[in-house]
Every structure is written in C-alpha cells, then in structure tokens.
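One file, protein_18.txt, carrying compact mmCIF, C-alpha atoms:
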```
# COMPACT_ATOMS: atom_id res chain seq x y z
CA MET A 24 41.17 -47.64 -52.79
CA ARG A 25 40.54 -43.97 -53.42
CA ARG A 26 37.05 -44.38 -52.09
CA VAL A 27 38.31 -45.92 -48.81
CA VAL A 28 40.91 -43.19 -48.38
CA THR A 29 38.30 -40.49 -49.01
CA VAL A 30 35.95 -42.00 -46.43
CA CYS A 31 38.75 -42.24 -43.88
CA ARG A 32 39.87 -38.67 -44.51
CA THR A 33 36.30 -37.46 -44.05
CA ALA A 34 36.04 -39.39 -40.80
CA ILE A 35 39.32 -37.90 -39.57
CA VAL A 36 38.11 -34.38 -40.27
CA ALA A 37 34.84 -35.12 -38.48
CA ALA A 38 36.70 -36.52 -35.47
CA SER A 39 38.87 -33.41 -35.33
CA LEU A 40 35.81 -31.17 -35.37
CA LEU A 41 34.42 -33.05 -32.38
CA ALA A 42 37.28 -31.62 -30.31
CA LEU A 43 36.05 -28.07 -30.95
CA PRO A 44 33.53 -26.40 -28.61
CA THR A 45 30.05 -26.72 -30.02
CA ALA A 46 27.19 -24.27 -29.86
CA THR A 47 25.22 -23.96 -26.65
CA ARG A 48 21.64 -22.90 -26.25
CA ALA A 49 19.96 -20.82 -23.57
CA GLN A 50 16.89 -21.84 -21.59
CA THR A 51 14.83 -20.06 -18.98
CA ILE A 52 12.99 -21.80 -16.17
CA THR A 53 9.79 -19.76 -16.13
CA PHE A 54 7.81 -21.93 -13.69
CA GLY A 55 4.95 -21.58 -16.16
CA ALA A 56 3.55 -25.05 -15.42
CA LEU A 57 3.66 -25.17 -11.63
CA PRO A 58 1.50 -28.05 -10.38
CA GLY A 59 -0.96 -28.07 -7.53
CA ALA A 60 -3.22 -25.39 -6.11
CA ALA A 61 -2.38 -21.80 -5.22
CA GLY A 62 -0.50 -21.73 -1.96
CA SER A 63 0.34 -25.45 -2.07
CA ALA A 64 3.82 -26.54 -1.12
CA PHE A 65 6.59 -26.22 -3.70
CA SER A 66 9.06 -29.10 -3.59
CA SER A 67 10.33 -29.93 -7.07
CA TYR A 68 9.76 -28.68 -10.61
CA THR A 69 11.05 -29.77 -14.04
CA GLU A 70 11.22 -27.59 -17.15
CA SER A 71 13.35 -27.34 -20.30
CA GLY A 72 15.61 -30.21 -19.27
CA TYR A 73 16.29 -28.87 -15.77
CA VAL A 74 14.98 -29.82 -12.34
CA VAL A 75 14.60 -27.35 -9.48
CA ASP A 76 14.17 -28.73 -5.99
CA LEU A 77 14.06 -27.24 -2.52
CA LEU A 78 16.87 -28.26 -0.17
CA VAL A 79 16.22 -25.95 2.79
CA GLY A 80 13.10 -24.20 4.06
CA ALA A 81 9.59 -24.01 2.63
CA MET A 82 8.16 -22.38 -0.50
CA CYS A 83 4.68 -22.23 -2.00
CA ASN A 84 3.23 -22.17 -5.50
CA GLY A 85 2.13 -18.66 -6.35
CA PHE A 86 -0.38 -18.43 -9.19
CA ILE A 87 -0.99 -14.69 -8.81
CA LEU A 88 2.73 -13.94 -8.38
CA GLY A 89 5.57 -13.94 -10.86
CA ASN A 90 7.18 -12.14 -13.75
CA PRO A 91 4.86 -13.17 -15.34
CA GLN A 92 2.70 -15.46 -13.20
CA PRO A 93 3.13 -18.07 -11.78
CA ALA A 94 6.25 -18.44 -9.62
CA PRO A 95 7.28 -20.02 -6.31
CA TYR A 96 7.43 -17.75 -3.27
CA GLY A 97 8.62 -18.01 0.30
CA GLY A 98 8.80 -16.07 3.53
CA SER A 99 6.08 -15.37 6.04
CA SER A 100 3.32 -15.40 3.40
CA CYS A 101 4.13 -19.07 2.78
CA SER A 102 5.41 -20.28 6.14
CA SER A 103 5.88 -18.19 9.25
CA ALA A 104 8.48 -20.70 10.43
CA THR A 105 10.72 -20.26 7.36
CA THR A 106 13.20 -17.40 7.28
CA SER A 107 15.55 -18.83 4.64
CA ILE A 108 15.45 -21.22 1.71
CA THR A 109 17.92 -22.88 -0.64
CA MET A 110 16.92 -24.05 -4.12
CA ARG A 111 19.03 -26.40 -6.23
CA VAL A 112 19.05 -26.39 -10.03
CA ARG A 113 20.44 -29.29 -12.10
CA ARG A 114 20.06 -30.67 -15.60
CA THR A 115 17.90 -33.76 -15.74
CA ASP A 116 20.78 -35.61 -17.42
CA ASN A 117 23.29 -34.23 -14.88
CA GLY A 118 25.10 -32.39 -17.68
CA LEU A 119 26.89 -29.04 -17.56
CA PHE A 120 25.41 -25.56 -17.88
CA ASN A 121 26.10 -21.87 -17.29
CA PHE A 122 24.14 -19.63 -14.92
CA LEU A 123 23.10 -16.37 -16.59
CA GLY A 124 20.76 -14.70 -14.12
CA VAL A 125 17.49 -14.76 -12.17
CA ASP A 126 14.49 -12.52 -11.46
CA LEU A 127 13.97 -11.74 -7.77
CA ALA A 128 11.41 -9.74 -5.83
CA THR A 129 10.10 -9.10 -2.35
CA PHE A 130 6.53 -8.21 -1.52
CA ALA A 131 4.47 -7.32 1.51
CA THR A 132 1.10 -8.51 2.73
CA THR A 133 1.00 -8.01 6.47
CA ASP A 134 4.78 -7.72 6.58
CA ALA A 135 7.37 -5.46 5.03
CA GLY A 136 11.08 -5.57 4.61
CA SER A 137 13.80 -6.86 2.36
CA ALA A 138 15.51 -10.14 1.65
CA SER A 139 19.12 -11.08 0.93
CA PHE A 140 19.96 -13.36 -1.97
CA ALA A 141 23.04 -15.46 -2.65
CA TYR A 142 24.04 -18.03 -5.25
CA ALA A 143 26.85 -20.49 -5.89
CA GLY A 144 27.79 -22.78 -8.78
CA PHE A 145 29.46 -26.16 -8.39
CA ALA A 146 31.07 -28.73 -10.68
CA ASN A 147 31.81 -32.17 -9.23
CA ALA A 148 31.11 -30.71 -5.77
CA SER A 149 33.83 -28.06 -6.24
CA THR A 150 32.82 -24.39 -5.98
CA GLN A 151 33.24 -22.54 -9.29
CA PHE A 152 31.79 -19.19 -8.20
CA ALA A 153 29.72 -17.64 -5.43
CA SER A 154 28.19 -14.24 -4.82
CA SER A 155 25.83 -12.41 -2.49
CA ILE A 156 23.27 -9.91 -3.70
CA LEU A 157 22.58 -6.82 -1.63
CA PRO A 158 19.21 -6.79 0.11
CA LEU A 159 16.42 -6.35 -2.39
CA SER A 160 13.19 -4.59 -1.54
CA GLY A 161 10.25 -4.08 -3.85
CA GLY A 162 9.29 -5.35 -7.30
CA PHE A 163 11.11 -7.66 -9.65
CA ALA A 164 14.71 -7.02 -10.61
CA THR A 165 16.85 -9.16 -12.91
CA LYS A 166 20.11 -10.11 -11.24
CA ASN A 167 22.80 -11.22 -13.68
CA SER A 168 25.39 -13.80 -12.73
CA ILE A 169 28.94 -12.63 -12.02
CA ASN A 170 30.16 -15.66 -13.95
CA THR A 171 28.36 -16.74 -17.11
CA THR A 172 31.16 -18.89 -18.56
CA SER A 173 32.11 -21.44 -15.89
CA SER A 174 30.50 -24.82 -16.55
CA ILE A 175 28.64 -26.18 -13.54
CA ASP A 176 26.42 -29.16 -12.79
CA ASP A 177 24.81 -27.78 -9.61
CA LEU A 178 23.44 -24.29 -8.90
CA ARG A 179 22.29 -23.18 -5.45
CA LEU A 180 20.04 -20.15 -4.93
CA SER A 181 19.56 -19.00 -1.34
CA VAL A 182 17.25 -16.40 0.14
CA ILE A 183 17.32 -15.01 3.67
CA ALA A 184 14.27 -13.02 4.71
CA GLY A 185 14.88 -9.59 6.17
CA THR A 186 13.68 -8.00 9.38
CA PRO A 187 10.81 -7.47 9.67
CA THR A 188 10.31 -10.76 7.85
CA SER A 189 9.63 -10.32 4.16
CA SER A 190 8.16 -12.57 1.52
CA PHE A 191 10.09 -13.22 -1.66
CA ILE A 192 9.64 -14.57 -5.18
CA VAL A 193 12.10 -16.42 -7.44
CA ASP A 194 11.39 -16.52 -11.17
CA ASN A 195 12.97 -16.82 -14.62
CA ILE A 196 16.19 -18.67 -13.86
CA ALA A 197 18.27 -18.15 -17.02
CA LEU A 198 20.69 -20.93 -17.95
CA ARG A 199 22.75 -22.01 -20.93
CA GLN A 200 23.34 -25.66 -21.74
CA VAL A 201 26.96 -26.65 -22.31
CA ASN A 202 27.45 -29.43 -24.84
CA VAL A 203 29.81 -32.18 -23.81
CA VAL A 204 32.77 -32.68 -26.14
CA PRO A 205 35.06 -35.74 -26.27
CA GLU A 206 38.29 -35.64 -24.31
CA PRO A 207 41.35 -34.90 -26.49
CA SER A 208 42.74 -38.36 -25.76
CA SER A 209 39.56 -39.99 -27.09
CA VAL A 210 39.72 -37.96 -30.28
CA ALA A 211 43.41 -38.80 -30.72
CA LEU A 212 42.71 -42.53 -30.39
CA MET A 213 39.92 -42.27 -32.95
CA VAL A 214 42.18 -40.49 -35.44
CA MET A 215 45.02 -42.98 -34.88
CA GLY A 216 42.64 -45.87 -35.50
CA LEU A 217 41.43 -44.37 -38.76
CA LEU A 218 44.98 -43.70 -39.92
CA GLY A 219 45.84 -47.30 -39.13
CA MET A 220 42.90 -48.44 -41.23
CA VAL A 221 44.18 -46.42 -44.18
CA GLY A 222 47.62 -48.00 -43.76
CA VAL A 223 46.21 -51.53 -43.73
CA VAL A 224 44.18 -50.87 -46.88
CA ARG A 225 47.21 -49.45 -48.70
CA LYS A 226 49.41 -52.38 -47.67
CA LYS A 227 46.81 -54.90 -48.81
CA ARG A 228 46.53 -53.07 -52.12
CA LYS A 229 50.27 -53.24 -52.69
CA THR A 230 50.34 -56.93 -51.78
CA GLU A 231 47.56 -57.74 -54.21
CA GLY A 232 49.28 -55.72 -56.89
```

Can you dump the structure from the file as structure tokens?
Amino acid sequence: MRRVVTVCRTAIVAASLLALPTATRAQTITFGALPGAAGSAFSSYTESGYVVDLLVGAMCNGFILGNPQPAPYGGSSCSSATTSITMRVRRTDNGLFNFLGVDLATFATTDAGSASFAYAGFANASTQFASSILPLSGGFATKNSINTTSSIDDLRLSVIAGTPTSSFIVDNIALRQVNVVPEPSSVALMVMGLLGMVGVVRKKRKTEG
C-alpha cells in the first residue's frame, strides 16, 4: 500500500512540474551549409531544426559573403529584377520559438545605396510583433528584436533595396526554441486520475482488511 501511495505521490509531483515553464535553448541559423554553387538561386535552407524559405523575390547563395561566409544575398548583384524579398523562418516541427536578432549588411559592386529591413512574428497567423529597421548602409550590423519573449511559429524578414539599388546580405538569424508545456486542464485531469487511483487502492485495502 505504502509503495503504491509513494508512486502515485511521485507521479503527482511530476505532473505538477510539467505545468511549469521549462528551459529553452538558443540556436543561430548561420547558413554555414548552403548548397549549390556560388551565385546559384537560394530557395530553402534547413539548419538547427529550422527551415528558411523565400516567399517573395530572388536571392542567391553567397560563398564569399557572410559574417562569416557563406550567406544568402539579394539585390541587383543577384537579380536586377528584384528590389525586395521576404524570407520566412519556421521550426521544422512547426513548434514555437522567440526571435532574438539578425545580422544584416549592404554592399556595393557596381551599385551603391542602402536597404530597408523589416520583420514580423506570427502565432497561428496572428501578428505578435512587427518592426521596421532604419535604412542600413555598409558592413554587417546585428539588429536585435524588439520582442524576444513572444512565442511565434512564423517569422518574416523583409528587405527593400534602396535607391540607387543596393545589394544586401542576411546572416545569423538568432532564435530561441520554446518548449511546449501541457495545458493546465490536461495536467489537472492527470492529477485527478492519480488521486482516484490512490482512493481505489485504499478502499480495496480496507475491504480486504
């Protein structure tokens, strides 16, 4: 009897702990394993449990660009017809995460100018946060998110090339995985079931006695 009660109590404590937020871990999409040849089209990339795909515009794989190399780039150096792009970031298991920041840069070959960056986070298609970044011109700069705590399942990064048209690089997308915890109702049902089990065992013990 005591053994059953002890096991049930342990299970109840464990179920209660499941309702508490658990530790999260940070990951950075470095684009360190970009496929294809230099200058080839960038379409989709998977790293550290996340997938990055291109929704709007055109980008290329840059093997001599990045912070450090390689990294995808866009603008006139990739496609003269593309003046803006939108990248989407999701977990491969469609789970939740936080957006911490990203490294951005513009560069010139035959062009010069700046680019404007914007980002937005969504959860179940509902906007959780959105922000625009002032035009950036020059080397890499780390841009931190205005909201590092809201849990999202969809991140959109957008770049609009400046005038004259600039080329731009996106690298080191910093994210933090959010662990899913059971709903309070599920935990309550689990605890109630275990308590009921203890009651049944005690009643049977009394009957046998």

Pick out the residues sitting within 7 Å of A:Val74, and hand them over as a PDB file with C-alpha atoms, in the frame of the given file; count all atoms listed in the file, and ignore anything fewer than 6 positions along from it in its own chain.
```
ATOM      1  CA  TYR A  68       9.760 -28.680 -10.610  1.00  0.00           C
ATOM      2  CA  VAL A 112      19.050 -26.390 -10.030  1.00  0.00           C
ATOM      3  CA  ARG A 113      20.440 -29.290 -12.100  1.00  0.00           C
ATOM      4  CA  ARG A 114      20.060 -30.670 -15.600  1.00  0.00           C
ATOM      5  CA  THR A 115      17.900 -33.760 -15.740  1.00  0.00           C
TER       6      THR A 115
END
```

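Atom to atom, atom CA of A:Asp116 and atom CA of A:Phe191 stand 29.4 Å apart.
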
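Minimum atom-to-atom distance to A:Gln92, evaluated using only C-alpha atoms, belongs to A:Asn195 out of A:Val125, A:Gly118, A:Leu178, A:Asn195.
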
Problem - Who sits within 7 Å of A:Ser66, all atoms listed in the file, same chain under 2 positions skipped, as number ranges by chain - result: A: 64, 76-77

Practice task
Pull the neighbourhood of (8.7, -8.5, -3.5) for me: all residues within 12 Å in file coordinates, counting only C-alpha atoms, as a ChimeraX atom specification.
Solution key: /A:88-90,94-98,100,126-132,134-139,158-164,184-185,188-194
